[in-house]
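Worksheet: the structure to be examined is printed underneath.
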Amino acid sequence: MICPKCQQENPESARFCGRCHMTLRFTCPACQHVQSHGNQCDRCGVDFAKYISMLQFQMESDARRERETRRARQNIIRQALLLPVTGGWSLLRSIKSNLRGE
Ligand SMILES: [Zn+2]
Ligand SMILES: [Zn+2]
């Protein structure tokens with residue numbers, strides 16, 4: 001494989017040019033197809049840069065969702081801790097009124 005940048009002859013299996021370290025082989029992030037350019041996948045047509053930024057966006061929104069789930073869980077815990085004060089009191093009152101037959 002000849003390096004497109006410096007014309008150095010490289011073994012077919014080389015991932016990088018031995019002379020200028022230019023990337024000679026790109027692996028598709030979607031289908032793992034290996035090819036000599038990093039623009040668009042020859043097999044599945046995925047745009048490498050777009051796909052990678054989409055993956056990053058997905059990871060970010062996953063992290064955001066996880067944060068929100070954690071916050072919601074903390075709210076439930078807080079409410080459970082406050083239950084003896086708020087819910088417990090009204091529960092006690094409703095039991096009392098039930099006993100009185102109201
Ligand atoms: Zn080179
Ligand atoms: Zn692909």
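Ordering of the structure tokens sets the chain letters (A, B, ...); residue numbers start at 1 within each chain; ligands are numbered from 1 in the order shown.
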Within 6 Å of ligand 1: each chain A residue with its shortest pair, only C-alpha atoms and all ligand atoms, as a tab-separated table:
```
residue	atom	partner	partner_atom_place_in_ligand_line	distance
A:Cys3	CA	ligand 1	1 (Zn)	4.6
A:Lys5	CA	ligand 1	1 (Zn)	5.1
A:Cys6	CA	ligand 1	1 (Zn)	4.2
A:Gln8	CA	ligand 1	1 (Zn)	5.3
A:Cys17	CA	ligand 1	1 (Zn)	4.6
A:Arg19	CA	ligand 1	1 (Zn)	5.1
A:Cys20	CA	ligand 1	1 (Zn)	4.1
A:His21	CA	ligand 1	1 (Zn)	5.9
A:Met22	CA	ligand 1	1 (Zn)	5.4
```
Residues from last step as file, all heavy atoms, as a tab-separated table (two decimals), in the first residue's frame:
```tsv
chain	number	residue	atom	x	y	z
A	3	CYS	N	1.58	5.13	0.57
A	3	CYS	CA	1.05	6.23	1.38
A	3	CYS	C	0.62	7.38	0.47
A	3	CYS	O	1.39	7.83	-0.38
A	3	CYS	CB	2.12	6.70	2.36
A	3	CYS	SG	1.62	8.17	3.27
A	5	LYS	N	0.26	10.34	1.23
A	5	LYS	CA	0.87	11.60	1.64
A	5	LYS	C	2.33	11.70	1.20
A	5	LYS	O	2.74	12.68	0.60
A	5	LYS	CB	0.75	11.74	3.15
A	5	LYS	CG	0.91	13.17	3.65
A	5	LYS	CD	0.60	13.22	5.14
A	5	LYS	CE	1.22	14.44	5.78
A	5	LYS	NZ	1.12	14.37	7.24
A	6	CYS	N	3.11	10.62	1.53
A	6	CYS	CA	4.54	10.72	1.25
A	6	CYS	C	5.01	9.69	0.22
A	6	CYS	O	6.20	9.60	-0.07
A	6	CYS	CB	5.34	10.57	2.54
A	6	CYS	SG	5.26	8.91	3.25
A	8	GLN	N	5.37	6.61	0.42
A	8	GLN	CA	6.15	5.51	0.98
A	8	GLN	C	5.42	4.18	0.75
A	8	GLN	O	4.21	4.10	0.92
A	8	GLN	CB	6.36	5.76	2.48
A	8	GLN	CG	6.82	4.57	3.30
A	8	GLN	CD	8.32	4.35	3.23
A	8	GLN	OE1	9.08	5.24	2.85
A	8	GLN	NE2	8.74	3.15	3.57
A	17	CYS	N	1.31	4.69	8.08
A	17	CYS	CA	2.50	4.79	7.24
A	17	CYS	C	3.74	4.71	8.12
A	17	CYS	O	3.83	5.38	9.14
A	17	CYS	CB	2.46	6.10	6.46
A	17	CYS	SG	4.01	6.44	5.60
A	19	ARG	N	6.60	5.84	7.56
A	19	ARG	CA	7.47	7.01	7.45
A	19	ARG	C	6.81	8.26	8.06
A	19	ARG	O	7.39	8.93	8.91
A	19	ARG	CB	7.80	7.26	5.99
A	19	ARG	CG	9.02	8.12	5.81
A	19	ARG	CD	9.51	8.06	4.39
A	19	ARG	NE	9.68	9.39	3.83
A	19	ARG	CZ	9.78	9.65	2.54
A	19	ARG	NH1	9.69	8.67	1.66
A	19	ARG	NH2	9.95	10.87	2.11
A	20	CYS	N	5.57	8.59	7.65
A	20	CYS	CA	4.97	9.85	8.11
A	20	CYS	C	3.83	9.63	9.11
A	20	CYS	O	3.24	10.58	9.57
A	20	CYS	CB	4.48	10.67	6.91
A	20	CYS	SG	3.01	9.97	6.14
A	21	HIS	N	3.54	8.35	9.41
A	21	HIS	CA	2.50	7.99	10.39
A	21	HIS	C	1.10	8.41	9.98
A	21	HIS	O	0.20	8.54	10.81
A	21	HIS	CB	2.84	8.53	11.80
A	21	HIS	CG	4.18	8.07	12.27
A	21	HIS	ND1	4.43	6.76	12.59
A	21	HIS	CD2	5.35	8.73	12.43
A	21	HIS	CE1	5.69	6.63	12.94
A	21	HIS	NE2	6.28	7.82	12.85
A	22	MET	N	0.90	8.63	8.72
A	22	MET	CA	-0.43	8.90	8.19
A	22	MET	C	-1.29	7.63	8.34
A	22	MET	O	-0.79	6.53	8.15
A	22	MET	CB	-0.25	9.27	6.71
A	22	MET	CG	-1.49	9.15	5.88
A	22	MET	SD	-2.23	10.76	5.64
A	22	MET	CE	-3.66	10.31	4.68
```
Query - At most 12 Å from ligand 2 (only C-alpha atoms and all ligand atoms): residue list as a PyMOL selection string - result: chain A and resi 26-35+37-48+51
With N, CA and C atoms retained, export the selected residues as a compact mmCIF listing (two decimals), in the first residue's frame.
```
# COMPACT_ATOMS: atom_id res chain seq x y z
N PHE A 26 -8.73 2.75 7.89
CA PHE A 26 -9.77 3.27 8.77
C PHE A 26 -10.78 2.16 9.02
N THR A 27 -11.17 2.00 10.26
CA THR A 27 -12.18 1.00 10.59
C THR A 27 -13.50 1.70 10.79
N CYS A 28 -14.52 1.22 10.08
CA CYS A 28 -15.85 1.81 10.20
C CYS A 28 -16.36 1.63 11.62
N PRO A 29 -16.80 2.70 12.28
CA PRO A 29 -17.29 2.57 13.66
C PRO A 29 -18.62 1.82 13.73
N ALA A 30 -19.29 1.70 12.59
CA ALA A 30 -20.60 1.04 12.60
C ALA A 30 -20.49 -0.44 12.26
N CYS A 31 -19.78 -0.80 11.18
CA CYS A 31 -19.76 -2.21 10.75
C CYS A 31 -18.38 -2.83 10.82
N GLN A 32 -17.37 -2.09 11.30
CA GLN A 32 -16.00 -2.57 11.48
C GLN A 32 -15.31 -2.88 10.15
N HIS A 33 -15.86 -2.42 9.05
CA HIS A 33 -15.23 -2.60 7.75
C HIS A 33 -13.95 -1.76 7.70
N VAL A 34 -12.85 -2.35 7.18
CA VAL A 34 -11.58 -1.64 7.12
C VAL A 34 -11.35 -1.16 5.70
N GLN A 35 -11.01 0.11 5.57
CA GLN A 35 -10.78 0.68 4.24
C GLN A 35 -9.68 1.72 4.30
N HIS A 37 -9.68 4.96 3.37
CA HIS A 37 -9.99 6.38 3.62
C HIS A 37 -11.00 6.50 4.75
N GLY A 38 -11.03 7.65 5.38
CA GLY A 38 -11.85 7.82 6.57
C GLY A 38 -13.03 8.75 6.38
N ASN A 39 -13.54 8.85 5.18
CA ASN A 39 -14.67 9.75 4.95
C ASN A 39 -16.00 9.05 5.14
N GLN A 40 -16.23 8.07 4.30
CA GLN A 40 -17.50 7.37 4.32
C GLN A 40 -17.24 5.88 4.14
N CYS A 41 -17.99 5.05 4.83
CA CYS A 41 -17.79 3.61 4.75
C CYS A 41 -18.18 3.09 3.38
N ASP A 42 -17.28 2.28 2.77
CA ASP A 42 -17.57 1.71 1.46
C ASP A 42 -18.63 0.62 1.56
N ARG A 43 -18.80 0.05 2.73
CA ARG A 43 -19.72 -1.07 2.88
C ARG A 43 -21.11 -0.61 3.31
N CYS A 44 -21.19 0.17 4.41
CA CYS A 44 -22.52 0.52 4.92
C CYS A 44 -22.88 1.98 4.67
N GLY A 45 -21.95 2.77 4.10
CA GLY A 45 -22.27 4.15 3.72
C GLY A 45 -22.30 5.14 4.87
N VAL A 46 -21.86 4.70 6.06
CA VAL A 46 -21.86 5.59 7.22
C VAL A 46 -20.77 6.65 7.07
N ASP A 47 -21.11 7.88 7.38
CA ASP A 47 -20.12 8.97 7.41
C ASP A 47 -19.40 8.89 8.76
N PHE A 48 -18.09 8.64 8.70
CA PHE A 48 -17.33 8.38 9.93
C PHE A 48 -17.47 9.51 10.94
N TYR A 51 -20.95 9.80 12.29
CA TYR A 51 -21.29 8.68 13.15
C TYR A 51 -20.64 8.84 14.52
```
Query raised in the report: CA of Ser13 in chain A and CA of Ala49 in chain A, how far apart in Å?
Result: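 A separation of 23.5 Å between them.
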Per DSSP on the backbone, filter range 19-84 of chain A down to the residues in strand (DSSP E) and report them as a compact mmCIF listing (two decimals) with N, CA and C atoms, in the first residue's frame.
```
# COMPACT_ATOMS: atom_id res chain seq x y z
N PHE A 26 -8.73 2.75 7.89
CA PHE A 26 -9.77 3.27 8.77
C PHE A 26 -10.78 2.16 9.02
N THR A 27 -11.17 2.00 10.26
CA THR A 27 -12.18 1.00 10.59
C THR A 27 -13.50 1.70 10.79
N VAL A 34 -12.85 -2.35 7.18
CA VAL A 34 -11.58 -1.64 7.12
C VAL A 34 -11.35 -1.16 5.70
N GLN A 35 -11.01 0.11 5.57
CA GLN A 35 -10.78 0.68 4.24
C GLN A 35 -9.68 1.72 4.30
```
Requested in this report: Would you work out the distance separating CA of Thr23 in chain A from CA of Pro4 in chain A, expressed in Å to one decimal?
Outcome: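 Separation between CA of Thr23 in chain A and CA of Pro4 in chain A: 9.7 Å.
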Query - Among listed residues A:Asp62, A:Asn98, A:Ala14, A:Met54, nearest Ser36 in chain A (using only C-alpha atoms) - result: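 Of all the options, A:Ala14 lies closest to Ser36 in chain A.
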Requested in this report: Going by DSSP on the backbone, which bits of range 13-96 of chain A are helix (DSSP H, G or I)? Write them as a VMD selection string, please.
Outcome: chain A and resid 48 to 82 87 to 96
Requested in this report: Can you work out the spacing between CA of Ile2 in chain A and CA of Arg25 in chain A in Å, to one decimal?
Outcome: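 So the answer is 11.6 Å.
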Report summary line: One residue among A:Leu92, A:Ile52, A:Ala80, A:Met1 is nearest to Phe16 in chain A when using only C-alpha atoms, and that residue is A:Met1
